[in-house]
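S.K.: File follows, structure_3.pdb with PDB, C-alpha atoms:
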```
ATOM      1  CA  MET A 793       0.000   0.000   0.000
ATOM      2  CA  LEU A 794       1.004   3.652  -0.159
ATOM      3  CA  THR A 795       2.091   4.372   3.373
ATOM      4  CA  GLY A 796      -0.143   6.997   4.943
ATOM      5  CA  ARG A 797      -2.861   6.494   2.380
ATOM      6  CA  GLU A 798      -5.618   5.686   4.846
ATOM      7  CA  THR A 799      -4.487   8.020   7.619
ATOM      8  CA  GLY A 800      -4.038  11.080   5.445
ATOM      9  CA  HIS A 801      -0.452  11.332   6.696
ATOM     10  CA  LEU A 802       1.649  13.602   4.486
ATOM     11  CA  ARG A 803       4.569  12.074   2.637
ATOM     12  CA  ILE A 804       7.368  14.271   1.310
ATOM     13  CA  GLY A 805       9.772  12.052  -0.588
ATOM     14  CA  TYR A 806      13.240  12.289  -2.089
ATOM     15  CA  HIS A 807      13.508  11.442  -5.783
ATOM     16  CA  CYS A 808      16.373   9.141  -6.776
ATOM     17  CA  SER A 809      17.323  10.124 -10.330
ATOM     18  CA  HIS A 810      19.273   7.260 -11.905
ATOM     19  CA  GLU A 811      19.851   9.298 -15.057
ATOM     20  CA  GLN A 812      21.971  11.802 -13.132
ATOM     21  CA  PHE A 813      23.846   9.878 -10.434
ATOM     22  CA  PRO A 814      25.533   6.485 -10.111
ATOM     23  CA  PRO A 815      23.615   4.048  -7.887
ATOM     24  CA  SER A 816      26.308   4.044  -5.195
ATOM     25  CA  GLN A 817      25.928   7.808  -4.807
ATOM     26  CA  LEU A 818      22.125   7.582  -4.862
ATOM     27  CA  LEU A 819      22.295   5.039  -2.041
ATOM     28  CA  ARG A 820      24.270   7.472   0.112
ATOM     29  CA  LEU A 821      21.949  10.339  -0.828
ATOM     30  CA  VAL A 822      18.705   8.536   0.020
ATOM     31  CA  MET A 823      20.159   7.445   3.373
ATOM     32  CA  LYS A 824      21.056  11.074   4.039
ATOM     33  CA  ALA A 825      17.597  12.176   2.918
ATOM     34  CA  GLU A 826      15.918   9.870   5.421
ATOM     35  CA  GLY A 827      18.190  11.182   8.167
ATOM     36  CA  SER A 828      17.240  14.743   7.235
ATOM     37  CA  GLY A 829      13.485  14.173   7.467
ATOM     38  CA  PHE A 830      12.310  12.943   4.068
ATOM     39  CA  ASN A 831       9.825  10.205   4.927
ATOM     40  CA  ALA A 832       9.587   8.443   1.552
ATOM     41  CA  ALA A 833      11.524   7.975  -1.679
ATOM     42  CA  LEU A 834      10.839   7.519  -5.380
ATOM     43  CA  SER A 835      13.096   5.911  -7.981
ATOM     44  CA  SER A 836      13.251   6.418 -11.714
ATOM     45  CA  ASP A 837      13.948   3.416 -13.951
ATOM     46  CA  HIS A 838      15.901   4.106 -17.155
ATOM     47  CA  PHE A 839      18.204   2.228 -19.479
ATOM     48  CA  LYS A 840      19.589   5.470 -20.953
ATOM     49  CA  PRO A 841      19.791   8.997 -19.530
ATOM     50  CA  TRP A 842      17.881  11.835 -21.153
ATOM     51  CA  SER A 843      21.116  13.502 -22.251
ATOM     52  CA  GLU A 844      24.829  12.828 -22.460
ATOM     53  CA  ALA A 845      25.328  15.569 -19.841
ATOM     54  CA  GLN A 846      23.477  13.447 -17.279
ATOM     55  CA  GLY A 847      25.592  10.438 -18.097
ATOM     56  CA  GLU A 848      24.239   7.691 -15.776
ATOM     57  CA  SER A 849      21.570   4.979 -15.751
ATOM     58  CA  GLY A 850      21.938   2.259 -13.139
ATOM     59  CA  TYR A 851      19.520  -0.655 -12.770
ATOM     60  CA  ALA A 852      16.766   0.605 -10.506
ATOM     61  CA  TRP A 853      15.647  -2.763  -9.125
ATOM     62  CA  ALA A 854      19.088  -3.720  -7.836
ATOM     63  CA  PHE A 855      19.340  -0.285  -6.263
ATOM     64  CA  LEU A 856      15.928  -0.680  -4.616
ATOM     65  CA  GLY A 857      16.993  -3.835  -2.804
ATOM     66  CA  ALA A 858      20.035  -2.105  -1.353
ATOM     67  CA  ALA A 859      18.220   1.159  -0.586
ATOM     68  CA  MET A 860      15.267  -0.483   1.138
ATOM     69  CA  HIS A 861      17.645  -2.565   3.252
ATOM     70  CA  ALA A 862      19.639   0.541   4.214
ATOM     71  CA  THR A 863      16.590   2.670   5.142
ATOM     72  CA  SER A 864      13.173   2.273   6.762
ATOM     73  CA  ILE A 865      11.089   4.530   4.479
ATOM     74  CA  PRO A 866       8.615   3.446   1.764
ATOM     75  CA  PHE A 867       9.762   3.479  -1.872
ATOM     76  CA  GLY A 868       7.997   3.888  -5.167
ATOM     77  CA  VAL A 869       9.369   3.136  -8.624
ATOM     78  CA  VAL A 870       8.094   4.281 -12.016
ATOM     79  CA  CYS A 871       8.582   1.719 -14.782
ATOM     80  CA  ALA A 872       7.205   0.542 -18.120
ATOM     81  CA  PRO A 873       6.077  -3.079 -18.640
ATOM     82  CA  GLY A 874       5.452  -4.772 -21.964
ATOM     83  CA  GLN A 875       8.677  -4.359 -23.921
ATOM     84  CA  ARG A 876      11.920  -3.969 -21.973
ATOM     85  CA  TYR A 877      10.267  -5.703 -19.007
ATOM     86  CA  HIS A 878       8.015  -8.705 -19.435
ATOM     87  CA  PRO A 879       5.079  -8.124 -17.043
ATOM     88  CA  ALA A 880       5.563 -11.483 -15.291
ATOM     89  CA  ILE A 881       9.199 -10.627 -14.502
ATOM     90  CA  LEU A 882       8.182  -7.176 -13.282
ATOM     91  CA  ALA A 883       5.577  -8.775 -11.013
ATOM     92  CA  GLN A 884       8.212 -11.169  -9.653
ATOM     93  CA  LYS A 885      10.586  -8.285  -8.890
ATOM     94  CA  ALA A 886       7.880  -6.305  -7.116
ATOM     95  CA  ALA A 887       6.701  -9.342  -5.145
ATOM     96  CA  THR A 888      10.249 -10.110  -3.991
ATOM     97  CA  LEU A 889      10.874  -6.596  -2.690
ATOM     98  CA  GLN A 890       7.478  -6.414  -0.974
ATOM     99  CA  GLU A 891       8.048  -9.816   0.639
ATOM    100  CA  MET A 892      11.414  -8.693   2.034
ATOM    101  CA  PHE A 893      10.199  -5.220   3.031
ATOM    102  CA  PRO A 894       6.475  -5.566   3.835
ATOM    103  CA  GLY A 895       4.284  -2.563   3.115
ATOM    104  CA  ARG A 896       7.135  -0.413   1.823
ATOM    105  CA  LEU A 897       6.860  -0.705  -1.970
ATOM    106  CA  TRP A 898       4.515   0.761  -4.543
ATOM    107  CA  VAL A 899       4.901   0.554  -8.300
ATOM    108  CA  ALA A 900       3.788   3.065 -10.930
ATOM    109  CA  LEU A 901       3.325   1.691 -14.428
ATOM    110  CA  GLY A 902       3.612   3.853 -17.534
ATOM    111  CA  SER A 903       3.730   3.266 -21.281
ATOM    112  CA  GLY A 904       7.399   4.247 -21.389
ATOM    113  CA  GLN A 905       9.638   6.057 -23.854
ATOM    114  CA  LEU A 906      11.444   4.934 -26.974
ATOM    115  CA  LEU A 907      14.627   6.144 -25.255
ATOM    116  CA  ASN A 908      14.505   3.135 -22.923
ATOM    117  CA  GLU A 909      12.319   0.576 -24.672
ATOM    118  CA  GLY A 910      13.969   0.894 -28.098
ATOM    119  CA  ILE A 911      16.895  -1.275 -27.017
ATOM    120  CA  THR A 912      14.782  -4.393 -27.713
ATOM    121  CA  GLY A 913      14.664  -3.583 -31.435
ATOM    122  CA  GLN A 914      10.917  -4.177 -31.587
ATOM    123  CA  GLY A 915       9.997  -0.759 -32.898
ATOM    124  CA  TRP A 916       7.769   1.739 -31.142
ATOM    125  CA  PRO A 917       3.967   1.435 -31.322
ATOM    126  CA  PRO A 918       1.521   4.362 -31.600
ATOM    127  CA  LYS A 919       0.065   5.750 -28.375
ATOM    128  CA  ASP A 920      -3.232   3.872 -28.515
ATOM    129  CA  VAL A 921      -1.385   0.569 -28.835
ATOM    130  CA  LEU A 922       0.960   1.567 -26.010
ATOM    131  CA  ASN A 923      -2.021   2.266 -23.743
ATOM    132  CA  THR A 924      -3.605  -1.088 -24.597
ATOM    133  CA  ARG A 925      -0.324  -2.912 -23.987
ATOM    134  CA  LEU A 926       0.042  -1.105 -20.673
ATOM    135  CA  ALA A 927      -3.473  -2.094 -19.578
ATOM    136  CA  GLU A 928      -2.832  -5.730 -20.519
ATOM    137  CA  SER A 929       0.490  -5.703 -18.649
ATOM    138  CA  ALA A 930      -1.078  -4.118 -15.580
ATOM    139  CA  SER A 931      -3.781  -6.785 -15.511
ATOM    140  CA  VAL A 932      -1.183  -9.557 -15.729
ATOM    141  CA  ILE A 933       0.942  -7.987 -12.975
ATOM    142  CA  LYS A 934      -1.979  -7.478 -10.599
ATOM    143  CA  ARG A 935      -3.323 -10.987 -11.142
ATOM    144  CA  LEU A 936       0.104 -12.514 -10.517
ATOM    145  CA  LEU A 937       0.573 -10.458  -7.354
ATOM    146  CA  ASN A 938      -2.797 -11.755  -6.171
ATOM    147  CA  GLY A 939      -1.545 -15.339  -6.498
ATOM    148  CA  GLU A 940      -3.271 -16.364  -9.729
ATOM    149  CA  GLU A 941      -1.822 -18.541 -12.461
ATOM    150  CA  VAL A 942      -1.965 -16.381 -15.571
ATOM    151  CA  THR A 943      -2.159 -17.200 -19.255
ATOM    152  CA  HIS A 944      -2.647 -14.193 -21.523
ATOM    153  CA  ARG A 945      -2.319 -13.854 -25.296
ATOM    154  CA  GLY A 946      -2.575 -10.369 -26.714
ATOM    155  CA  LEU A 947      -0.076  -7.545 -27.168
ATOM    156  CA  VAL A 948       1.854  -9.337 -24.409
ATOM    157  CA  THR A 949       2.033 -13.104 -24.093
ATOM    158  CA  VAL A 950       2.086 -15.006 -20.821
ATOM    159  CA  GLU A 951       1.897 -18.798 -20.540
ATOM    160  CA  ARG A 952       0.947 -20.377 -17.208
ATOM    161  CA  ALA A 953       2.877 -17.929 -15.040
ATOM    162  CA  ARG A 954       2.531 -18.050 -11.267
ATOM    163  CA  LEU A 955       4.536 -16.377  -8.507
ATOM    164  CA  TYR A 956       5.725 -18.834  -5.891
ATOM    165  CA  SER A 957       7.139 -16.270  -3.443
ATOM    166  CA  LEU A 958       4.401 -13.806  -2.610
ATOM    167  CA  PRO A 959       4.221 -11.029  -0.007
ATOM    168  CA  ALA A 960       1.486 -11.091   2.609
ATOM    169  CA  THR A 961       0.000  -7.982   0.983
ATOM    170  CA  PRO A 962       0.677  -7.088  -2.667
ATOM    171  CA  PRO A 963       2.208  -3.695  -3.455
ATOM    172  CA  THR A 964      -0.107  -0.994  -4.730
ATOM    173  CA  ILE A 965      -0.032  -0.670  -8.526
ATOM    174  CA  ILE A 966      -0.729   2.847  -9.763
ATOM    175  CA  GLY A 967      -0.553   4.446 -13.213
ATOM    176  CA  ALA A 968       1.676   7.199 -14.574
ATOM    177  CA  ALA A 969       0.135   9.933 -16.720
ATOM    178  CA  GLN A 970       1.181  13.225 -18.306
ATOM    179  CA  THR A 971      -1.998  14.002 -20.262
ATOM    180  CA  GLU A 972      -5.703  13.912 -19.484
ATOM    181  CA  ALA A 973      -6.231  11.237 -22.139
ATOM    182  CA  THR A 974      -3.729   8.942 -20.454
ATOM    183  CA  ALA A 975      -5.077   9.797 -16.999
ATOM    184  CA  GLU A 976      -8.547   8.703 -18.089
ATOM    185  CA  ALA A 977      -7.170   5.526 -19.676
ATOM    186  CA  ILE A 978      -5.276   4.400 -16.569
ATOM    187  CA  GLY A 979      -8.336   5.093 -14.441
ATOM    188  CA  THR A 980      -9.778   1.828 -15.760
ATOM    189  CA  TRP A 981      -7.128  -0.291 -13.991
ATOM    190  CA  ALA A 982      -4.880   1.756 -11.688
ATOM    191  CA  ASP A 983      -5.132   1.968  -7.893
ATOM    192  CA  GLY A 984      -3.901   5.563  -8.017
ATOM    193  CA  MET A 985      -2.135   8.020 -10.323
ATOM    194  CA  ILE A 986       1.269   9.678 -10.387
ATOM    195  CA  THR A 987       1.995  12.757 -12.447
ATOM    196  CA  THR A 988       4.528  15.585 -12.470
ATOM    197  CA  SER A 989       4.285  19.186 -11.296
ATOM    198  CA  MET A 990       1.985  21.439 -13.269
ATOM    199  CA  PRO A 991      -0.287  24.446 -12.642
ATOM    200  CA  PRO A 992      -3.169  23.703 -10.248
ATOM    201  CA  ASP A 993      -5.861  24.091 -12.906
ATOM    202  CA  ARG A 994      -4.155  21.588 -15.179
ATOM    203  CA  LEU A 995      -3.577  19.184 -12.289
ATOM    204  CA  LYS A 996      -7.251  19.462 -11.398
ATOM    205  CA  GLY A 997      -8.096  18.473 -14.969
ATOM    206  CA  MET A 998      -5.763  15.468 -14.729
ATOM    207  CA  ILE A 999      -7.400  14.320 -11.503
ATOM    208  CA  GLU A1000     -10.893  14.755 -12.962
ATOM    209  CA  ALA A1001      -9.881  12.720 -16.031
ATOM    210  CA  PHE A1002      -8.509   9.930 -13.827
ATOM    211  CA  ARG A1003     -11.731   9.849 -11.798
ATOM    212  CA  ARG A1004     -13.777   9.946 -14.999
ATOM    213  CA  GLY A1005     -11.978   6.807 -16.140
ATOM    214  CA  GLY A1006     -12.963   5.067 -12.925
ATOM    215  CA  GLY A1007      -9.830   5.748 -10.878
ATOM    216  CA  GLU A1008     -10.497   5.953  -7.141
ATOM    217  CA  GLY A1009      -7.046   5.765  -5.542
ATOM    218  CA  PRO A1010      -4.588   8.381  -4.297
ATOM    219  CA  ILE A1011      -2.946  11.089  -6.409
ATOM    220  CA  VAL A1012       0.854  11.279  -6.254
ATOM    221  CA  VAL A1013       2.842  14.245  -7.587
ATOM    222  CA  LYS A1014       6.539  14.430  -8.424
ATOM    223  CA  ILE A1015       7.634  18.049  -8.522
ATOM    224  CA  GLN A1016      10.691  19.239 -10.442
ATOM    225  CA  ILE A1017      12.659  21.991  -8.742
ATOM    226  CA  SER A1018      16.122  23.473  -8.920
ATOM    227  CA  TYR A1019      17.421  24.617  -5.550
ATOM    228  CA  CYS A1020      20.944  25.871  -4.967
ATOM    229  CA  ARG A1021      22.141  28.399  -2.440
ATOM    230  CA  ASP A1022      23.215  30.449  -5.450
ATOM    231  CA  GLU A1023      20.323  31.521  -7.709
ATOM    232  CA  GLU A1024      22.390  31.729 -10.886
ATOM    233  CA  LYS A1025      23.760  28.232 -10.331
ATOM    234  CA  ALA A1026      20.266  26.871  -9.707
ATOM    235  CA  GLU A1027      19.141  28.296 -13.040
ATOM    236  CA  ARG A1028      22.247  27.227 -14.960
ATOM    237  CA  GLU A1029      22.214  23.652 -13.692
ATOM    238  CA  ALA A1030      18.487  23.274 -14.296
ATOM    239  CA  TRP A1031      19.181  24.184 -17.914
ATOM    240  CA  GLU A1032      22.192  21.866 -18.135
ATOM    241  CA  GLN A1033      20.445  18.869 -16.569
ATOM    242  CA  TRP A1034      16.722  19.093 -17.332
ATOM    243  CA  ARG A1035      16.082  21.163 -20.461
ATOM    244  CA  THR A1036      14.910  18.025 -22.304
ATOM    245  CA  HIS A1037      11.637  18.337 -20.403
ATOM    246  CA  VAL A1038      10.471  21.618 -21.892
ATOM    247  CA  PHE A1039       8.882  19.550 -24.665
ATOM    248  CA  PRO A1040       5.542  17.741 -24.284
ATOM    249  CA  SER A1041       5.470  13.999 -23.671
ATOM    250  CA  SER A1042       4.235  13.461 -27.233
ATOM    251  CA  ILE A1043       7.760  14.475 -28.328
ATOM    252  CA  THR A1044       9.919  13.130 -25.501
ATOM    253  CA  THR A1045       8.440   9.625 -25.782
ATOM    254  CA  GLU A1046       9.430   9.425 -29.467
ATOM    255  CA  VAL A1047      13.150  10.307 -29.225
ATOM    256  CA  GLU A1048      15.469   7.297 -29.121
ATOM    257  CA  HIS A1049      18.969   8.408 -28.098
ATOM    258  CA  PRO A1050      20.508  10.902 -25.609
ATOM    259  CA  GLU A1051      22.507  12.621 -28.372
ATOM    260  CA  GLN A1052      19.236  13.263 -30.223
ATOM    261  CA  PHE A1053      17.810  14.918 -27.124
ATOM    262  CA  ASP A1054      20.952  17.052 -26.919
ATOM    263  CA  ALA A1055      20.507  18.169 -30.519
ATOM    264  CA  LEU A1056      16.795  18.795 -30.034
ATOM    265  CA  THR A1057      17.383  21.009 -26.993
ATOM    266  CA  SER A1058      20.369  22.994 -28.286
ATOM    267  CA  THR A1059      18.270  26.164 -28.711
ATOM    268  CA  VAL A1060      16.285  25.861 -25.460
ATOM    269  CA  ARG A1061      16.738  28.947 -23.271
ATOM    270  CA  ARG A1062      17.079  29.161 -19.513
ATOM    271  CA  GLU A1063      13.786  31.014 -19.287
ATOM    272  CA  ASP A1064      12.100  28.129 -21.104
ATOM    273  CA  VAL A1065      13.339  25.737 -18.419
ATOM    274  CA  ARG A1066      12.120  28.043 -15.631
ATOM    275  CA  LYS A1067       8.581  27.542 -16.939
ATOM    276  CA  GLN A1068       8.892  23.790 -16.321
ATOM    277  CA  VAL A1069      11.211  23.634 -13.293
ATOM    278  CA  PHE A1070      10.512  25.693 -10.153
ATOM    279  CA  THR A1071      13.868  27.448  -9.723
ATOM    280  CA  SER A1072      14.808  29.443  -6.634
ATOM    281  CA  SER A1073      17.467  29.853  -3.954
ATOM    282  CA  ASP A1074      14.776  31.080  -1.530
ATOM    283  CA  LEU A1075      13.603  28.272   0.758
ATOM    284  CA  ASP A1076      10.407  30.129   1.654
ATOM    285  CA  GLU A1077       9.445  30.080  -2.006
ATOM    286  CA  HIS A1078       9.961  26.323  -2.091
ATOM    287  CA  VAL A1079       7.718  25.925   0.957
ATOM    288  CA  GLU A1080       4.963  27.849  -0.817
ATOM    289  CA  ASN A1081       5.456  25.830  -4.010
ATOM    290  CA  ILE A1082       5.021  22.542  -2.148
ATOM    291  CA  GLU A1083       2.141  23.801  -0.030
ATOM    292  CA  ARG A1084       0.037  24.660  -3.070
ATOM    293  CA  TYR A1085      -0.170  20.929  -3.785
ATOM    294  CA  VAL A1086      -0.897  20.159  -0.152
ATOM    295  CA  ARG A1087      -3.754  22.661  -0.257
ATOM    296  CA  MET A1088      -5.163  20.703  -3.215
ATOM    297  CA  GLY A1089      -5.311  17.620  -1.013
ATOM    298  CA  ILE A1090      -2.215  15.879  -2.391
ATOM    299  CA  ARG A1091      -0.739  13.680   0.361
ATOM    300  CA  GLU A1092       2.151  12.080  -1.549
ATOM    301  CA  ILE A1093       4.711  14.557  -2.936
ATOM    302  CA  TYR A1094       8.161  13.632  -4.239
ATOM    303  CA  ILE A1095      10.769  16.315  -4.806
ATOM    304  CA  HIS A1096      13.222  16.014  -7.667
ATOM    305  CA  ASN A1097      15.979  18.599  -7.362
ATOM    306  CA  VAL A1098      17.184  18.459 -10.956
ATOM    307  CA  ASN A1099      20.648  19.919 -10.398
ATOM    308  CA  ARG A1100      23.706  18.168  -8.982
ATOM    309  CA  GLU A1101      23.838  19.995  -5.629
ATOM    310  CA  GLN A1102      22.094  17.207  -3.732
ATOM    311  CA  GLU A1103      23.923  17.440  -0.409
ATOM    312  CA  ASP A1104      23.046  21.107   0.172
ATOM    313  CA  PHE A1105      19.488  20.478  -1.018
ATOM    314  CA  ILE A1106      18.962  17.638   1.453
ATOM    315  CA  ASP A1107      20.563  19.572   4.324
ATOM    316  CA  ASP A1108      18.679  22.820   3.719
ATOM    317  CA  PHE A1109      15.291  21.221   3.086
ATOM    318  CA  GLY A1110      15.774  19.047   6.139
ATOM    319  CA  ARG A1111      16.424  22.089   8.345
ATOM    320  CA  LYS A1112      14.065  24.701   6.921
ATOM    321  CA  VAL A1113      11.480  23.252   4.536
ATOM    322  CA  LEU A1114      10.336  19.823   5.724
ATOM    323  CA  PRO A1115       9.625  20.911   9.318
ATOM    324  CA  LEU A1116       7.338  23.699   8.113
ATOM    325  CA  ILE A1117       5.379  21.346   5.853
ATOM    326  CA  LEU A1118       5.328  18.094   7.802
ATOM    327  CA  ASP A1119       4.782  19.711  11.193
ATOM    328  CA  GLY A1120       2.666  22.603   9.979
TER
END
```
Would you put the structure from the file into structure tokens?
M.R.:
Amino acid sequence: MLTGRETGHLRIGYHCSHEQFPPSQLLRLVMKAEGSGFNAALSSDHFKPWSEAQGESGYAWAFLGAAMHATSIPFGVVCAPGQRYHPAILAQKAATLQEMFPGRLWVALGSGQLLNEGITGQGWPPKDVLNTRLAESASVIKRLLNGEEVTHRGLVTVERARLYSLPATPPTIIGAAQTEATAEAIGTWADGMITTSMPPDRLKGMIEAFRRGGGEGPIVVKIQISYCRDEEKAEREAWEQWRTHVFPSSITTEVEHPEQFDALTSTVRREDVRKQVFTSSDLDEHVENIERYVRMGIREIYIHNVNREQEDFIDDFGRKVLPLILDG
């Protein structure tokens, strides 16, 4: 389950960005984050980074085993079944972690990006096919986690799969969405939705679309920020590390290689990035940015500081931001 889901307890989590840091460093950072007051964590899951400037991409599931052993906080992971990951293998991975660390894992399923899934050489389907494949994969994963033997023949194929090592309670399976159309589609099968930071009116539309599709679970938001003690550095590093995300998901899901992203973003300006990444050296401004989501009723918020100054970010948020939000 999502820890705190029933109690309404607020979770402010640290985002572990495998595209930007080697897994050994991320392990140290998430341990530090827990010690500084972050009470949850979220992991990306990539085969390639978004750009050559990021330059990393460790295997998230190996990292999760080490990180969950080294900490006591709940973890989420965002991943894409159906191409790079067979859904039965993904279910087995999730079941193993949940069995070892009961109640501490949740999994968000998305349709993925060509950047990561293209390594299989299978080509890249259109969005409607991706959504159907995702729904089929989610059904297989949830059935396996519930102890069923599963045979499925469709866009994914499963023959008499059954998990022999099951947790007492299966992890929550939620859906990842960036558009209202996808939010509505995942509402048919997901136990919750995760999306990224956006203006409140757009987020409201995403939530309404998810509910319209039948979704009844919690809403999780990952917010992109750039915090450094120096404002100019916060802006510069946001541009260096995260300018690929000024484009809509309809573009970013179709690009195959980091060097292509670098070429695509060569003319992106710093002010363009500021529109997508909340950039400030003022901690009070970051408190207000986070609290606007809290005021909307969001109880699971994960903070991705997109620059490389992670130590200062964890220290400063632990001293001056988290206490105001979590104890406020």
S.K.: Taking all atoms listed in the file into account, which of A:Ala969, A:Ala872, A:Leu889, A:Leu1116 comes nearest A:Ala854?
M.R.: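 So, comparing all the options, the nearest one is A:Leu889.
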S.K.: Could you check which of A:Ile1095, A:Leu897, A:Leu936, A:Leu907 is closest to A:Phe839, using all atoms listed in the file?
M.R.: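 The answer is A:Leu907, which sits nearest to A:Phe839.
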S.K.: Using all atoms listed in the file, which of A:Trp842, A:Phe1039, A:Trp1034, A:Phe1109 sits nearest A:Glu826?
M.R.: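 Once distances to A:Glu826 are computed over all atoms listed in the file, the minimum belongs to A:Phe1109.
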S.K.: What does the PyMOL selection byres ((chain A and resi 827) around 12) select in this file, as a list in words?
M.R.: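 When the PyMOL selection byres ((chain A and resi 827) around 12) is applied, the selected residues are Tyr806, Arg820, Leu821, Val822, Met823, Lys824, Ala825, Glu826, Ser828, Gly829, Phe830, Asn831, Ala832, Ala862, Thr863, Ser864, Ile865, Ile1106, Asp1107, Phe1109, Gly1110, Arg1111 and Leu1114 of chain A.
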S.K.: For this structure, which residues satisfy the selection - the PyMOL selection byres ((chain A and resi 963) around 9) - when it is evaluated on the file as given? I want them as JSON, numbers by chain.
M.R.: {"A": [793, 794, 886, 887, 890, 894, 895, 896, 897, 898, 899, 937, 959, 961, 962, 964, 965]}
S.K.: Can I get the selected residues back with C-alpha atoms, as a PDB file, in the frame of the given file?
M.R.:
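Output file result_23.pdb follows:
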```
ATOM      1  CA  MET A 793       0.000   0.000   0.000  1.00  0.00           C
ATOM      2  CA  LEU A 794       1.004   3.652  -0.159  1.00  0.00           C
ATOM      3  CA  ALA A 886       7.880  -6.305  -7.116  1.00  0.00           C
ATOM      4  CA  ALA A 887       6.701  -9.342  -5.145  1.00  0.00           C
ATOM      5  CA  GLN A 890       7.478  -6.414  -0.974  1.00  0.00           C
ATOM      6  CA  PRO A 894       6.475  -5.566   3.835  1.00  0.00           C
ATOM      7  CA  GLY A 895       4.284  -2.563   3.115  1.00  0.00           C
ATOM      8  CA  ARG A 896       7.135  -0.413   1.823  1.00  0.00           C
ATOM      9  CA  LEU A 897       6.860  -0.705  -1.970  1.00  0.00           C
ATOM     10  CA  TRP A 898       4.515   0.761  -4.543  1.00  0.00           C
ATOM     11  CA  VAL A 899       4.901   0.554  -8.300  1.00  0.00           C
ATOM     12  CA  LEU A 937       0.573 -10.458  -7.354  1.00  0.00           C
ATOM     13  CA  PRO A 959       4.221 -11.029  -0.007  1.00  0.00           C
ATOM     14  CA  THR A 961       0.000  -7.982   0.983  1.00  0.00           C
ATOM     15  CA  PRO A 962       0.677  -7.088  -2.667  1.00  0.00           C
ATOM     16  CA  THR A 964      -0.107  -0.994  -4.730  1.00  0.00           C
ATOM     17  CA  ILE A 965      -0.032  -0.670  -8.526  1.00  0.00           C
TER      18      ILE A 965
END
```
S.K.: With the file shown as input, list the residues that the PyMOL selection byres ((chain A and resi 1078-1080) around 10) selects, as a PyMOL selection string.
M.R.: chain A and resi 1017-1019+1070-1077+1081-1086+1109+1112-1117
S.K.: How many Å separate atom CA of A:Leu1118 from atom CA of A:Gly1009?
M.R.: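 Atom-to-atom, atom CA of A:Leu1118 and atom CA of A:Gly1009 are spaced 22.0 Å apart.
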S.K.: Give the answer as one residue: which of A:Ala975, A:Met985, A:Val950, A:Val870 has the shortest atom-to-atom distance to A:Ile1011, using only C-alpha atoms?
M.R.: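 So, comparing all the options, the nearest one is A:Met985.
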S.K.: Hey, can you check how far atom CA of A:Phe813 sits from atom CA of A:Asp1022?
M.R.: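 It comes out at 21.2 Å.
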S.K.: Mind listing whatever residues come within 12 Å of the point (0.0, -15.9, -23.7)? Use all atoms listed in the file, file coordinates, and give them as a list in words.
M.R.: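 I get His878, Pro879, Ala880, Glu928, Ser929, Val932, Glu941, Val942, Thr943, His944, Arg945, Gly946, Leu947, Val948, Thr949, Val950, Glu951, Arg952 and Ala953 of chain A for the residues within 12 Å of that point.
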S.K.: What gap, in Å, lies between atom CA of A:Gly984 and atom CA of A:Arg1087?
M.R.: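 Computing the Euclidean distance for atom CA of A:Gly984 and atom CA of A:Arg1087 yields 18.8 Å.
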S.K.: Could you name the residues that touch A:Ala1001 at 9 Å or less, counting all atoms listed in the file, but leaving out those on the same chain fewer than 5 positions away, as a PyMOL selection string?
M.R.: chain A and resi 972-977+979+996+1006-1007
S.K.: Give me, as a list in words, all polymer residues having an atom no more than 8 Å from A:Met990, counting only C-alpha atoms and skipping those fewer than 3 positions away in the same chain.
M.R.: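 The neighbour list is Arg994, Leu995 and Gln1068 of chain A.
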S.K.: Deliver the residues from the most recent selection as a file, using C-alpha atoms, as a JSON list (two decimals), in the coordinates of the input.
M.R.:
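Okay, this is what ended up in result.json:
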```json
[["chain", "number", "residue", "atom", "x", "y", "z"],
["A", 994, "ARG", "CA", -4.16, 21.59, -15.18],
["A", 995, "LEU", "CA", -3.58, 19.18, -12.29],
["A", 1068, "GLN", "CA", 8.89, 23.79, -16.32]]
```
S.K.: Could you check which of A:Glu1008, A:Glu844, A:Asp1064, A:Glu891 is closest to A:Ser957, using all atoms listed in the file?
M.R.: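 Under the stated criterion, the closest residue is A:Glu891.
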S.K.: For A:Phe1053, which residue among A:Gln875, A:Ser843, A:Asn923, A:Gln1033 is the nearest when counting all atoms listed in the file?
M.R.: A:Ser843
S.K.: What's around A:Pro841 at 9 Å? Count only C-alpha atoms, leave out sequence neighbours fewer than 2 positions away in its own chain, and write the answer as a list in words.
M.R.: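 After dropping sequence-adjacent residues, the list is His810, Glu811, Gln812, His838, Phe839, Ser843, Glu844, Ala845, Gln846, Gly847, Glu848, Ser849, Leu907, Asn908, His1049 and Pro1050 of chain A.
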S.K.: Suppose we keep C-alpha atoms; can you now write the selection as an mmCIF file, in the frame of the given file?
M.R.:
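What ended up in selection15.cif:
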```cif
data_model
loop_
_atom_site.group_PDB
_atom_site.id
_atom_site.type_symbol
_atom_site.label_atom_id
_atom_site.label_comp_id
_atom_site.auth_asym_id
_atom_site.auth_seq_id
_atom_site.Cartn_x
_atom_site.Cartn_y
_atom_site.Cartn_z
ATOM 1 C CA HIS A 810 19.273 7.260 -11.905
ATOM 2 C CA GLU A 811 19.851 9.298 -15.057
ATOM 3 C CA GLN A 812 21.971 11.802 -13.132
ATOM 4 C CA HIS A 838 15.901 4.106 -17.155
ATOM 5 C CA PHE A 839 18.204 2.228 -19.479
ATOM 6 C CA SER A 843 21.116 13.502 -22.251
ATOM 7 C CA GLU A 844 24.829 12.828 -22.460
ATOM 8 C CA ALA A 845 25.328 15.569 -19.841
ATOM 9 C CA GLN A 846 23.477 13.447 -17.279
ATOM 10 C CA GLY A 847 25.592 10.438 -18.097
ATOM 11 C CA GLU A 848 24.239 7.691 -15.776
ATOM 12 C CA SER A 849 21.570 4.979 -15.751
ATOM 13 C CA LEU A 907 14.627 6.144 -25.255
ATOM 14 C CA ASN A 908 14.505 3.135 -22.923
ATOM 15 C CA HIS A 1049 18.969 8.408 -28.098
ATOM 16 C CA PRO A 1050 20.508 10.902 -25.609
#
```
